[in-house]
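Below is data15.txt, which holds compact mmCIF, C-alpha atoms and all ligand atoms.
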# COMPACT_ATOMS: atom_id res chain seq x y z
CA MET X 824 15.45 -0.10 -20.93
CA GLN X 825 16.97 -3.10 -19.22
CA THR X 826 15.77 -3.78 -15.70
CA LYS X 827 18.50 -5.12 -13.43
CA THR X 828 17.62 -7.08 -10.31
CA PHE X 829 19.88 -7.83 -7.42
CA LYS X 830 19.27 -9.77 -4.27
CA VAL X 831 20.19 -8.08 -1.03
CA ASN X 832 20.31 -9.78 2.36
CA PRO X 833 17.41 -8.18 4.29
CA LYS X 834 19.05 -8.73 7.69
CA ARG X 835 22.58 -7.70 6.74
CA PRO X 836 22.33 -5.66 3.52
CA GLU X 837 25.61 -5.77 1.59
CA PRO X 838 27.06 -2.21 1.62
CA SER X 839 28.38 -2.46 -1.96
CA LYS X 840 24.90 -3.24 -3.30
CA ILE X 841 23.32 -0.43 -1.30
CA ARG X 842 25.98 1.92 -2.69
CA GLN X 843 25.16 0.88 -6.25
CA ALA X 844 21.43 1.41 -5.76
CA ALA X 845 22.02 4.77 -4.06
CA LYS X 846 24.20 5.87 -6.95
CA ALA X 847 21.36 5.12 -9.35
CA ILE X 848 18.99 7.24 -7.22
CA ARG X 849 21.48 10.13 -7.18
CA HIS X 850 21.76 9.87 -10.96
CA GLY X 851 18.01 10.38 -11.36
CA LYS X 852 17.16 6.72 -12.01
CA LEU X 853 14.24 4.58 -10.84
CA VAL X 854 14.95 1.97 -8.19
CA ALA X 855 12.35 -0.40 -6.72
CA PHE X 856 13.11 -1.40 -3.14
CA PRO X 857 11.42 -3.25 -0.27
CA THR X 858 9.81 -1.52 2.69
CA GLU X 859 8.07 -3.25 5.61
CA THR X 860 4.68 -2.66 3.91
CA VAL X 861 5.05 -3.17 0.13
CA TYR X 862 7.76 -2.54 -2.48
CA GLY X 863 8.23 1.11 -3.42
CA LEU X 864 9.33 2.62 -6.73
CA GLY X 865 11.89 5.20 -5.71
CA ALA X 866 13.44 8.31 -7.21
CA ASN X 867 15.13 11.40 -5.79
CA ALA X 868 12.17 13.29 -4.25
CA LEU X 869 13.86 16.66 -4.77
CA ASP X 870 14.51 16.17 -8.49
CA PRO X 871 11.38 16.84 -10.61
CA THR X 872 12.89 15.21 -13.71
CA ALA X 873 13.51 11.97 -11.80
CA VAL X 874 10.08 12.09 -10.14
CA LYS X 875 8.34 12.52 -13.51
CA LYS X 876 9.83 9.18 -14.56
CA ILE X 877 7.94 7.47 -11.70
CA PHE X 878 4.57 8.66 -13.03
CA LYS X 879 5.50 7.55 -16.52
CA ALA X 880 6.77 4.10 -15.54
CA LYS X 881 3.67 3.37 -13.43
CA GLY X 882 1.14 4.92 -15.79
CA ARG X 883 0.07 7.04 -12.81
CA PRO X 884 -1.99 10.26 -13.13
CA VAL X 885 0.29 13.21 -12.39
CA ASP X 886 -2.06 14.73 -9.82
CA ASN X 887 -1.76 11.68 -7.54
CA PRO X 888 0.93 12.74 -5.04
CA LEU X 889 3.82 10.58 -3.85
CA ILE X 890 5.03 9.68 -0.38
CA VAL X 891 8.47 11.07 0.49
CA HIS X 892 10.57 8.55 2.43
CA ILE X 893 13.19 9.67 4.94
CA SER X 894 15.81 7.88 7.05
CA ASP X 895 16.20 10.46 9.80
CA ARG X 896 13.14 11.78 11.65
CA ASN X 897 14.63 15.28 11.68
CA ASP X 898 14.40 15.44 7.88
CA ILE X 899 10.77 16.38 8.43
CA LEU X 900 11.98 19.85 9.47
CA PHE X 901 13.47 20.39 6.02
CA LEU X 902 10.45 19.02 4.09
CA ALA X 903 7.47 20.37 6.04
CA ARG X 904 6.12 23.42 7.88
CA ASN X 905 3.89 23.89 10.96
CA ILE X 906 5.24 20.94 12.88
CA ASN X 907 3.11 20.96 16.01
CA PRO X 908 3.26 18.82 19.19
CA ILE X 909 0.85 16.24 17.72
CA VAL X 910 3.16 15.67 14.75
CA ARG X 911 6.11 15.29 17.08
CA LYS X 912 4.26 12.92 19.39
CA ILE X 913 2.94 10.66 16.67
CA THR X 914 6.17 10.41 14.69
CA GLN X 915 8.10 9.77 17.90
CA LYS X 916 5.81 6.86 18.63
CA PHE X 917 5.36 5.25 15.20
CA TRP X 918 8.51 6.07 13.23
CA PRO X 919 10.22 4.20 11.83
CA GLY X 920 7.12 2.29 10.77
CA PRO X 921 4.06 2.01 8.53
CA LEU X 922 2.69 5.51 9.15
CA THR X 923 2.63 8.36 6.62
CA VAL X 924 1.81 11.88 7.79
CA VAL X 925 0.50 14.64 5.53
CA LEU X 926 1.81 18.11 6.42
CA LYS X 927 2.14 21.54 4.83
CA LYS X 928 5.11 21.30 2.50
CA SER X 929 8.25 23.40 2.58
CA LYS X 930 9.76 25.08 -0.47
CA ALA X 931 12.32 22.26 -0.71
CA VAL X 932 9.71 19.83 -2.05
CA PRO X 933 8.91 20.18 -5.76
CA LYS X 934 5.24 20.35 -6.77
CA THR X 935 5.82 17.44 -9.15
CA THR X 936 6.33 15.23 -6.10
CA THR X 937 3.14 16.42 -4.35
CA GLY X 938 0.89 16.33 -7.42
CA ASN X 939 0.70 20.12 -7.27
CA LEU X 940 -0.62 20.18 -3.68
CA ASP X 941 0.80 22.42 -0.96
CA THR X 942 0.99 19.46 1.38
CA VAL X 943 3.52 16.64 1.46
CA ALA X 944 3.17 13.03 2.65
CA ILE X 945 6.19 11.80 4.65
CA ARG X 946 7.15 8.41 6.02
CA MET X 947 10.18 6.90 7.71
CA PRO X 948 10.16 3.19 6.83
CA LYS X 949 11.39 0.48 9.18
CA ASN X 950 12.89 -1.91 6.62
CA LYS X 951 16.72 -2.01 6.89
CA ILE X 952 17.34 -1.97 3.12
CA ALA X 953 15.02 1.03 2.72
CA GLN X 954 16.68 2.94 5.55
CA LEU X 955 20.21 2.30 4.29
CA LEU X 956 19.26 3.14 0.71
CA ILE X 957 17.75 6.50 1.70
CA ARG X 958 20.73 7.36 3.92
CA GLU X 959 23.29 6.38 1.30
CA SER X 960 21.39 8.28 -1.43
CA ASP X 961 21.73 11.37 0.75
CA THR X 962 18.30 12.61 -0.37
CA PRO X 963 14.69 11.84 0.52
CA ILE X 964 13.17 9.23 -1.81
CA ALA X 965 9.73 9.65 -3.39
CA ALA X 966 8.13 6.23 -3.71
CA PRO X 967 4.65 5.06 -4.57
CA SER X 968 3.94 1.33 -4.46
CA ALA X 969 5.97 -0.33 -7.24
CA ASN X 970 3.03 -1.77 -9.20
CA PHE X 971 1.71 -0.71 -12.57
CA SER X 972 -1.21 1.66 -11.88
CA GLY X 973 -4.39 -0.34 -11.25
CA ARG X 974 -2.59 -3.53 -10.20
CA PRO X 975 -2.26 -4.78 -6.60
CA SER X 976 0.73 -3.42 -4.66
CA PRO X 977 3.77 -5.70 -4.91
CA THR X 978 4.91 -7.67 -1.88
CA THR X 979 7.78 -9.46 -3.68
CA ALA X 980 10.43 -8.45 -6.22
CA GLU X 981 8.79 -10.86 -8.72
CA HIS X 982 5.56 -8.85 -8.54
CA VAL X 983 7.53 -5.69 -9.36
CA LEU X 984 9.23 -7.41 -12.28
CA ASP X 985 5.88 -8.71 -13.59
CA ASP X 986 4.51 -5.16 -13.73
CA LEU X 987 7.51 -2.96 -14.49
CA LYS X 988 10.07 -5.01 -16.39
CA GLY X 989 11.72 -2.82 -19.03
CA ARG X 990 10.25 0.34 -17.49
CA ILE X 991 12.61 0.87 -14.53
CA ASN X 992 16.37 0.66 -13.99
CA LEU X 993 16.81 -1.50 -10.92
CA ILE X 994 14.98 -3.77 -8.50
CA VAL X 995 16.53 -4.39 -5.10
CA ASP X 996 15.20 -7.79 -4.08
CA GLY X 997 15.00 -8.03 -0.31
CA GLY X 998 12.47 -10.86 -0.16
CA LYS X 999 8.81 -10.78 0.84
CA THR X 1000 7.58 -7.66 2.65
CA ARG X 1001 6.47 -8.22 6.24
CA ILE X 1002 3.16 -6.34 6.60
CA GLY X 1003 1.72 -6.71 3.11
CA ILE X 1004 -0.67 -3.74 2.95
CA GLU X 1005 0.44 -0.13 2.57
CA SER X 1006 1.11 2.41 5.29
CA THR X 1007 -1.58 4.28 7.19
CA VAL X 1008 -1.99 7.82 5.79
CA LEU X 1009 -2.86 10.41 8.44
CA ASP X 1010 -3.56 14.01 7.49
CA LEU X 1011 -2.13 16.36 10.12
CA SER X 1012 -2.23 19.47 7.94
CA GLY X 1013 -5.67 20.58 9.15
CA LYS X 1014 -7.23 21.21 12.57
CA ILE X 1015 -8.31 17.63 13.26
CA PRO X 1016 -6.15 14.59 12.50
CA THR X 1017 -7.90 12.68 9.73
CA LEU X 1018 -7.34 9.14 8.54
CA LEU X 1019 -7.02 9.13 4.74
CA ARG X 1020 -6.00 5.49 4.31
CA PRO X 1021 -6.07 2.73 6.94
CA GLY X 1022 -2.91 0.61 6.94
CA GLY X 1023 -0.11 -0.88 8.98
CA VAL X 1024 -0.63 1.37 12.04
CA THR X 1025 -4.19 0.88 13.32
CA LEU X 1026 -6.78 3.54 14.09
CA GLU X 1027 -6.96 2.26 17.67
CA GLN X 1028 -3.19 2.76 18.06
CA LEU X 1029 -3.42 6.32 16.70
CA ARG X 1030 -6.33 7.27 18.98
CA LYS X 1031 -4.51 5.90 22.01
CA VAL X 1032 -1.65 8.31 21.38
CA ILE X 1033 -3.38 11.48 20.12
CA GLY X 1034 -7.05 11.12 21.06
CA ARG X 1035 -9.42 12.34 18.38
CA VAL X 1036 -8.84 11.03 14.88
CA ASP X 1037 -11.57 11.50 12.29
CA ILE X 1038 -12.10 9.03 9.49
CA HIS X 1039 -12.34 10.47 6.00
CA PRO X 1040 -15.86 9.84 4.63
CA ILE X 1041 -14.56 7.84 1.71
CA ILE X 1042 -13.18 5.21 4.09
CA SER X 1043 -16.22 5.04 6.35
CA GLY X 1044 -18.42 4.62 3.28
CA LYS X 1045 -20.18 8.00 3.65
CA ARG X 1046 -18.99 9.08 0.28
CA SER X 1047 -21.57 11.58 -0.82
CA GLY X 1048 -20.80 15.26 -0.69
CA SER X 1049 -17.29 14.72 0.57
CA VAL X 1050 -14.28 16.51 -0.79
CA HIS X 1051 -11.38 14.34 -1.84
CA ARG X 1052 -8.53 15.10 0.49
CA SER X 1053 -6.29 12.40 -0.82
CA PRO X 1054 -6.19 12.55 -4.58
CA GLY X 1055 -5.36 8.84 -4.75
CA MET X 1056 -8.82 8.07 -3.42
CA LYS X 1057 -10.65 9.25 -6.46
CA TYR X 1058 -8.99 6.78 -8.79
CA ARG X 1059 -10.39 3.33 -9.08
CA HIS X 1060 -7.79 1.16 -7.50
CA TYR X 1061 -7.03 -2.41 -8.22
CA SER X 1062 -9.87 -4.08 -10.06
CA PRO X 1063 -9.20 -7.71 -10.81
CA ASN X 1064 -10.11 -9.53 -14.00
CA ALA X 1065 -12.35 -11.78 -11.92
CA ARG X 1066 -15.33 -10.19 -10.21
CA ILE X 1067 -14.91 -10.27 -6.44
CA ILE X 1068 -18.07 -10.66 -4.37
CA LEU X 1069 -17.44 -9.73 -0.77
CA VAL X 1070 -19.77 -11.41 1.71
CA GLU X 1071 -20.04 -9.94 5.21
CA GLY X 1072 -21.85 -11.11 8.33
CA ALA X 1073 -21.72 -13.80 11.02
CA LYS X 1074 -19.37 -16.62 10.07
CA ASN X 1075 -21.95 -19.42 9.68
CA LYS X 1076 -24.24 -17.26 7.58
CA VAL X 1077 -21.37 -16.11 5.41
CA ASN X 1078 -20.25 -19.68 4.85
CA SER X 1079 -23.70 -20.85 3.79
CA LYS X 1080 -24.08 -17.82 1.50
CA ILE X 1081 -20.72 -18.61 -0.11
CA LEU X 1082 -21.79 -22.24 -0.69
CA GLU X 1083 -25.09 -21.05 -2.18
CA LEU X 1084 -23.38 -18.56 -4.53
CA LEU X 1085 -20.74 -21.11 -5.43
CA SER X 1086 -23.24 -23.68 -6.64
CA SER X 1087 -25.41 -21.16 -8.45
CA PHE X 1088 -22.47 -19.65 -10.37
CA LYS X 1089 -21.12 -23.09 -11.19
CA LYS X 1090 -24.51 -24.05 -12.60
CA GLN X 1091 -24.19 -21.02 -14.88
CA GLY X 1092 -20.91 -22.48 -16.13
CA LYS X 1093 -18.64 -19.96 -14.39
CA ARG X 1094 -15.22 -20.71 -12.98
CA VAL X 1095 -15.48 -19.78 -9.34
CA GLY X 1096 -12.68 -19.06 -6.89
CA VAL X 1097 -12.96 -18.72 -3.15
CA MET X 1098 -10.64 -16.70 -0.98
CA THR X 1099 -10.86 -18.36 2.38
CA MET X 1100 -9.69 -18.01 5.96
CA GLU X 1101 -10.40 -21.67 6.75
CA LYS X 1102 -8.17 -24.31 5.20
CA SER X 1103 -10.95 -26.87 4.72
CA PHE X 1104 -13.71 -24.57 3.45
CA PRO X 1105 -15.22 -25.00 0.89
CA ASN X 1106 -14.14 -28.16 -0.90
CA ASN X 1107 -15.73 -27.66 -4.30
CA ALA X 1108 -14.40 -24.34 -5.61
CA ASP X 1109 -12.54 -24.32 -8.94
CA VAL X 1110 -9.69 -22.53 -7.21
CA LYS X 1111 -9.43 -22.11 -3.48
CA LEU X 1112 -6.81 -19.79 -2.02
CA TYR X 1113 -6.21 -19.78 1.71
CA VAL X 1114 -5.10 -16.32 2.91
CA GLY X 1115 -4.58 -17.10 6.58
CA SER X 1116 -6.73 -17.07 9.68
CA ASP X 1117 -5.54 -13.99 11.56
CA HIS X 1118 -5.31 -10.36 10.47
CA GLU X 1119 -1.52 -10.30 10.23
CA LYS X 1120 -1.42 -13.28 7.89
CA ILE X 1121 -4.35 -12.09 5.80
CA ALA X 1122 -2.68 -8.69 5.30
CA ALA X 1123 0.62 -10.35 4.38
CA ASN X 1124 -1.03 -12.61 1.74
CA LEU X 1125 -3.83 -10.40 0.39
CA PHE X 1126 -2.18 -8.77 -2.64
CA LYS X 1127 -0.35 -11.95 -3.61
CA THR X 1128 -3.70 -13.76 -3.56
CA PHE X 1129 -5.30 -11.11 -5.79
CA ARG X 1130 -2.48 -11.64 -8.30
CA GLU X 1131 -2.89 -15.41 -8.16
CA PHE X 1132 -6.61 -15.25 -8.88
CA ASP X 1133 -5.91 -13.00 -11.85
CA SER X 1134 -3.48 -15.50 -13.30
CA LYS X 1135 -5.93 -18.41 -12.92
CA LYS X 1136 -8.64 -17.18 -15.30
CA ILE X 1137 -11.40 -17.18 -12.73
CA ASP X 1138 -14.76 -15.48 -13.45
CA ILE X 1139 -15.96 -14.92 -9.91
CA VAL X 1140 -14.13 -14.76 -6.58
CA LEU X 1141 -16.12 -15.18 -3.39
CA ALA X 1142 -14.48 -13.57 -0.38
CA HIS X 1143 -15.26 -13.52 3.30
CA GLY X 1144 -15.56 -10.18 5.06
CA ILE X 1145 -13.64 -9.86 8.34
CA SER X 1146 -13.94 -7.58 11.36
CA ARG X 1147 -12.82 -3.99 10.87
CA GLN X 1148 -10.88 -3.93 14.10
CA GLY X 1149 -7.13 -3.39 14.14
CA LEU X 1150 -5.49 -4.30 10.86
CA GLY X 1151 -8.95 -5.48 9.71
CA LEU X 1152 -9.91 -1.91 8.76
CA GLY X 1153 -7.07 -1.72 6.24
CA ILE X 1154 -7.74 -5.21 4.90
CA MET X 1155 -11.46 -4.53 4.44
CA ASN X 1156 -10.64 -1.22 2.77
CA ARG X 1157 -8.51 -3.03 0.14
CA LEU X 1158 -11.08 -5.82 -0.27
CA SER X 1159 -13.98 -3.37 -0.65
CA LYS X 1160 -12.09 -1.35 -3.25
CA ALA X 1161 -11.37 -4.50 -5.24
CA ALA X 1162 -14.93 -5.82 -4.91
CA TYR X 1163 -17.41 -5.68 -7.72
CA LYS X 1164 -20.27 -6.37 -5.33
CA LYS X 1165 -20.74 -6.42 -1.56
CA THR X 1166 -23.37 -8.53 0.18
CA LYS X 1167 -24.39 -8.54 3.86
CA VAL X 1168 -26.03 -11.61 5.35
O1 LIG X 1201 3.30 1.69 2.43
C1 LIG X 1201 3.30 2.64 1.64
O2 LIG X 1201 2.79 3.73 1.92
C2 LIG X 1201 3.98 2.41 0.28
C3 LIG X 1201 5.49 2.23 0.54
C4 LIG X 1201 6.27 2.13 -0.73
O3 LIG X 1201 5.94 3.27 1.34
N1 LIG X 1201 3.71 3.52 -0.61
C5 LIG X 1201 2.48 3.76 -1.13
O4 LIG X 1201 2.42 4.84 -1.99
O5 LIG X 1201 1.51 3.05 -0.88
P1 LIG X 1201 1.20 5.10 -2.98
O6 LIG X 1201 1.65 6.22 -3.83
O7 LIG X 1201 0.84 3.85 -3.65
O8 LIG X 1201 0.06 5.61 -2.04
C6 LIG X 1201 0.19 6.89 -1.43
C7 LIG X 1201 -1.15 7.43 -1.04
C8 LIG X 1201 -1.99 7.79 -2.26
O9 LIG X 1201 -3.34 7.42 -2.00
C9 LIG X 1201 -1.83 9.30 -2.33
O10 LIG X 1201 -2.92 9.94 -2.94
C10 LIG X 1201 -1.70 9.67 -0.86
O11 LIG X 1201 -0.95 8.62 -0.29
N2 LIG X 1201 -0.98 10.94 -0.71
C11 LIG X 1201 0.29 11.22 -1.03
N3 LIG X 1201 0.58 12.52 -0.81
C12 LIG X 1201 -0.54 13.09 -0.31
C13 LIG X 1201 -0.90 14.41 0.10
N4 LIG X 1201 -0.04 15.42 0.05
N5 LIG X 1201 -2.16 14.62 0.54
C14 LIG X 1201 -3.04 13.60 0.60
N6 LIG X 1201 -2.77 12.34 0.22
C15 LIG X 1201 -1.55 12.08 -0.24
MG MG X 1202 -0.23 2.47 -4.65
Before we go any further, please render this structure as structure tokens.
Amino acid sequence: MQTKTFKVNPKRPEPSKIRQAAKAIRHGKLVAFPTETVYGLGANALDPTAVKKIFKAKGRPVDNPLIVHISDRNDILFLARNINPIVRKITQKFWPGPLTVVLKKSKAVPKTTTGNLDTVAIRMPKNKIAQLLIRESDTPIAAPSANFSGRPSPTTAEHVLDDLKGRINLIVDGGKTRIGIESTVLDLSGKIPTLLRPGGVTLEQLRKVIGRVDIHPIISGKRSGSVHRSPGMKYRHYSPNARIILVEGAKNKVNSKILELLSSFKKQGKRVGVMTMEKSFPNNADVKLYVGSDHEKIAANLFKTFREFDSKKIDIVLAHGISRQGLGLGIMNRLSKAAYKKTKV
């Protein structure tokens, strides 16, 4: 299969290009497109044959459900059941935006899309290209992140091409995505709202609007005995070629631990990379990648940095832990999942 790419102006998307991409969706094809979080790999969410192609192209297990993307908040009424005041309140506040809600599904949603579950994950993205594409397609679009399974989520069209060239029909290139980590997944299908994946909307923001929000044990680290509510959680996510060692603690202690590990691994003849939040620290790594100093920048650069380390044939990556406040919870969740080892100092 030949993968076509076309550039679309993210501020003023050209209607003819949106029409072309929408036509491909309506014809059951796979189209990668930008959202404000990461690139998605889209297909008509209501067409099981089209949705099956997503799983195949990504190498994704078929029981890992997809997020259904909508362009009109009222589409939720067609896709889900039991829409209570909390659902209305939270979607009113955070849609369009990086929040996905899990609800009981309606009959309109095929089980292929939900990995055989009776719930459906729904999100209304904020990105202009995404919104126009969904509207013009005249159908909700199922879209996981547009990476090959086990690779970091793509934040540019080049990342998508690197992973999925020859496996999908079209890539709509709308430039770099703004947020850089995936949406927050909030389960509202049970009695108590439960955070299944921290992301672009923070836990603090959610609690401010709806009060109690529980954190699924797999995020808080209390893994044992828990039932997997989000099937995606049970799969090992991105694991880089290099082994990431995540060092957490007070800044000075972390820095001296990183220097200590750096010299000891170098003595063993390893190529050592450091992912850093300070431009000048340290000065003797084989590869040093600066991710940014605040949470927004770190989130925006994180997955790109993972990909860069992978391409540089590094044995060990030393990474700083950051605070779990705000966007930090989502960043630390992605870092922890990628880490081979975690150390507290
Ligand atoms: O930001 C995002 O959410 C991006 C963009 C493209 O929208 N999409 C994305 O999709 O990250 P994906 O498939 O890579 O991650 C979706 C997560 C998975 O962990 C999946 O298991 C979970 O959401 N999920 C989907 N449907 C679910 C359901 N019915 N119940 C529980 N978890 C669900
Ligand atoms: Mg993904």
Please list as a VMD selection string every residue within 7 Å of range 839-849 of chain X, counting only C-alpha atoms and excluding residues in the same chain fewer than 6 positions away. chain X and resid 866 to 867 955 to 956 959 to 960
Take the residues just selected and output them with C-alpha atoms as a PDB file, in the coordinates of the input.
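Result file follows (result-v2.pdb):
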ATOM      1  CA  ALA X 866      13.440   8.310  -7.210  1.00  0.00           C
ATOM      2  CA  ASN X 867      15.130  11.400  -5.790  1.00  0.00           C
ATOM      3  CA  LEU X 955      20.210   2.300   4.290  1.00  0.00           C
ATOM      4  CA  LEU X 956      19.260   3.140   0.710  1.00  0.00           C
ATOM      5  CA  GLU X 959      23.290   6.380   1.300  1.00  0.00           C
ATOM      6  CA  SER X 960      21.390   8.280  -1.430  1.00  0.00           C
TER       7      SER X 960
END
Residues near Ile893 in chain X, cut-off 8 Å, only C-alpha atoms, skip fewer than 3 positions along chain, as a PyMOL selection string: chain X and resi 896+898-899+945-948+954+957-958+962-964
Which residue gives the smallest distance to ligand MG 1202 (chain X) among X:Val885, X:Leu1011, X:Leu864, X:Ile1041, with all atoms listed in the file counted? X:Leu864
The centre and edge lengths of an axis-aligned box containing all atoms of range 1016-1024 of chain X present in the file, extended by 6 Å on each side, are to be given in Å to one decimal, as lines of an AutoDock Vina configuration file.
center_x = -4.0
center_y = 6.9
center_z = 8.4
size_x = 19.8
size_y = 27.5
size_z = 20.2
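CA of Thr1128 in chain X lies 20.7 Å from CA of Thr1166 in chain X.
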Please determine, counting all atoms listed in the file, which residue among X:Lys827, X:Arg1066, X:Lys876, X:Arg1001 has the shortest atom-to-atom distance to Ala1122 in chain X. X:Arg1001
Any idea what's packed within 9 Å of Leu869 in chain X, counting all atoms listed in the file, ignoring anything in its chain fewer than 4 positions away? Could you give it as a PDB file with C-alpha atoms, in the frame of the given file?
ATOM      1  CA  ALA X 873      13.510  11.970 -11.800  1.00  0.00           C
ATOM      2  CA  VAL X 874      10.080  12.090 -10.140  1.00  0.00           C
ATOM      3  CA  ALA X 931      12.320  22.260  -0.710  1.00  0.00           C
ATOM      4  CA  VAL X 932       9.710  19.830  -2.050  1.00  0.00           C
ATOM      5  CA  PRO X 933       8.910  20.180  -5.760  1.00  0.00           C
ATOM      6  CA  THR X 936       6.330  15.230  -6.100  1.00  0.00           C
ATOM      7  CA  THR X 962      18.300  12.610  -0.370  1.00  0.00           C
ATOM      8  CA  PRO X 963      14.690  11.840   0.520  1.00  0.00           C
ATOM      9  CA  ILE X 964      13.170   9.230  -1.810  1.00  0.00           C
ATOM     10  CA  ALA X 965       9.730   9.650  -3.390  1.00  0.00           C
TER      11      ALA X 965
END
Could you complete range 872-890 of chain X so that it carries N, CA and C atoms, and give it back as a CSV table (one decimal), keeping the file's coordinate frame?
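Result written to selection.csv:
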chain,number,residue,atom,x,y,z
X,872,THR,N,12.7,16.0,-12.5
X,872,THR,CA,12.9,15.2,-13.7
X,872,THR,C,12.9,13.7,-13.4
X,873,ALA,N,13.5,13.4,-12.2
X,873,ALA,CA,13.5,12.0,-11.8
X,873,ALA,C,12.1,11.5,-11.4
X,874,VAL,N,11.4,12.4,-10.7
X,874,VAL,CA,10.1,12.1,-10.1
X,874,VAL,C,9.1,11.9,-11.3
X,875,LYS,N,9.2,12.7,-12.3
X,875,LYS,CA,8.3,12.5,-13.5
X,875,LYS,C,8.4,11.1,-14.1
X,876,LYS,N,9.6,10.5,-14.0
X,876,LYS,CA,9.8,9.2,-14.6
X,876,LYS,C,9.0,8.1,-13.8
X,877,ILE,N,8.8,8.4,-12.5
X,877,ILE,CA,7.9,7.5,-11.7
X,877,ILE,C,6.5,7.4,-12.3
X,878,PHE,N,6.0,8.6,-12.5
X,878,PHE,CA,4.6,8.7,-13.0
X,878,PHE,C,4.5,7.9,-14.4
X,879,LYS,N,5.5,8.1,-15.2
X,879,LYS,CA,5.5,7.6,-16.5
X,879,LYS,C,5.6,6.0,-16.4
X,880,ALA,N,6.5,5.6,-15.6
X,880,ALA,CA,6.8,4.1,-15.5
X,880,ALA,C,5.5,3.4,-15.0
X,881,LYS,N,4.8,4.0,-14.1
X,881,LYS,CA,3.7,3.4,-13.4
X,881,LYS,C,2.4,3.6,-14.2
X,882,GLY,N,2.4,4.5,-15.1
X,882,GLY,CA,1.1,4.9,-15.8
X,882,GLY,C,0.2,5.6,-14.8
X,883,ARG,N,0.8,6.4,-13.9
X,883,ARG,CA,0.1,7.0,-12.8
X,883,ARG,C,-0.3,8.5,-13.2
X,884,PRO,N,-1.6,8.9,-12.9
X,884,PRO,CA,-2.0,10.3,-13.1
X,884,PRO,C,-1.1,11.2,-12.4
X,885,VAL,N,-0.7,12.3,-13.0
X,885,VAL,CA,0.3,13.2,-12.4
X,885,VAL,C,-0.2,14.0,-11.2
X,886,ASP,N,-1.6,14.0,-11.0
X,886,ASP,CA,-2.1,14.7,-9.8
X,886,ASP,C,-2.2,13.8,-8.6
X,887,ASN,N,-1.7,12.6,-8.7
X,887,ASN,CA,-1.8,11.7,-7.5
X,887,ASN,C,-0.4,11.7,-6.8
X,888,PRO,N,-0.4,12.4,-5.7
X,888,PRO,CA,0.9,12.7,-5.0
X,888,PRO,C,1.7,11.5,-4.5
X,889,LEU,N,3.0,11.7,-4.3
X,889,LEU,CA,3.8,10.6,-3.8
X,889,LEU,C,4.2,10.7,-2.4
X,890,ILE,N,4.5,9.6,-1.8
X,890,ILE,CA,5.0,9.7,-0.4
X,890,ILE,C,6.5,9.9,-0.4
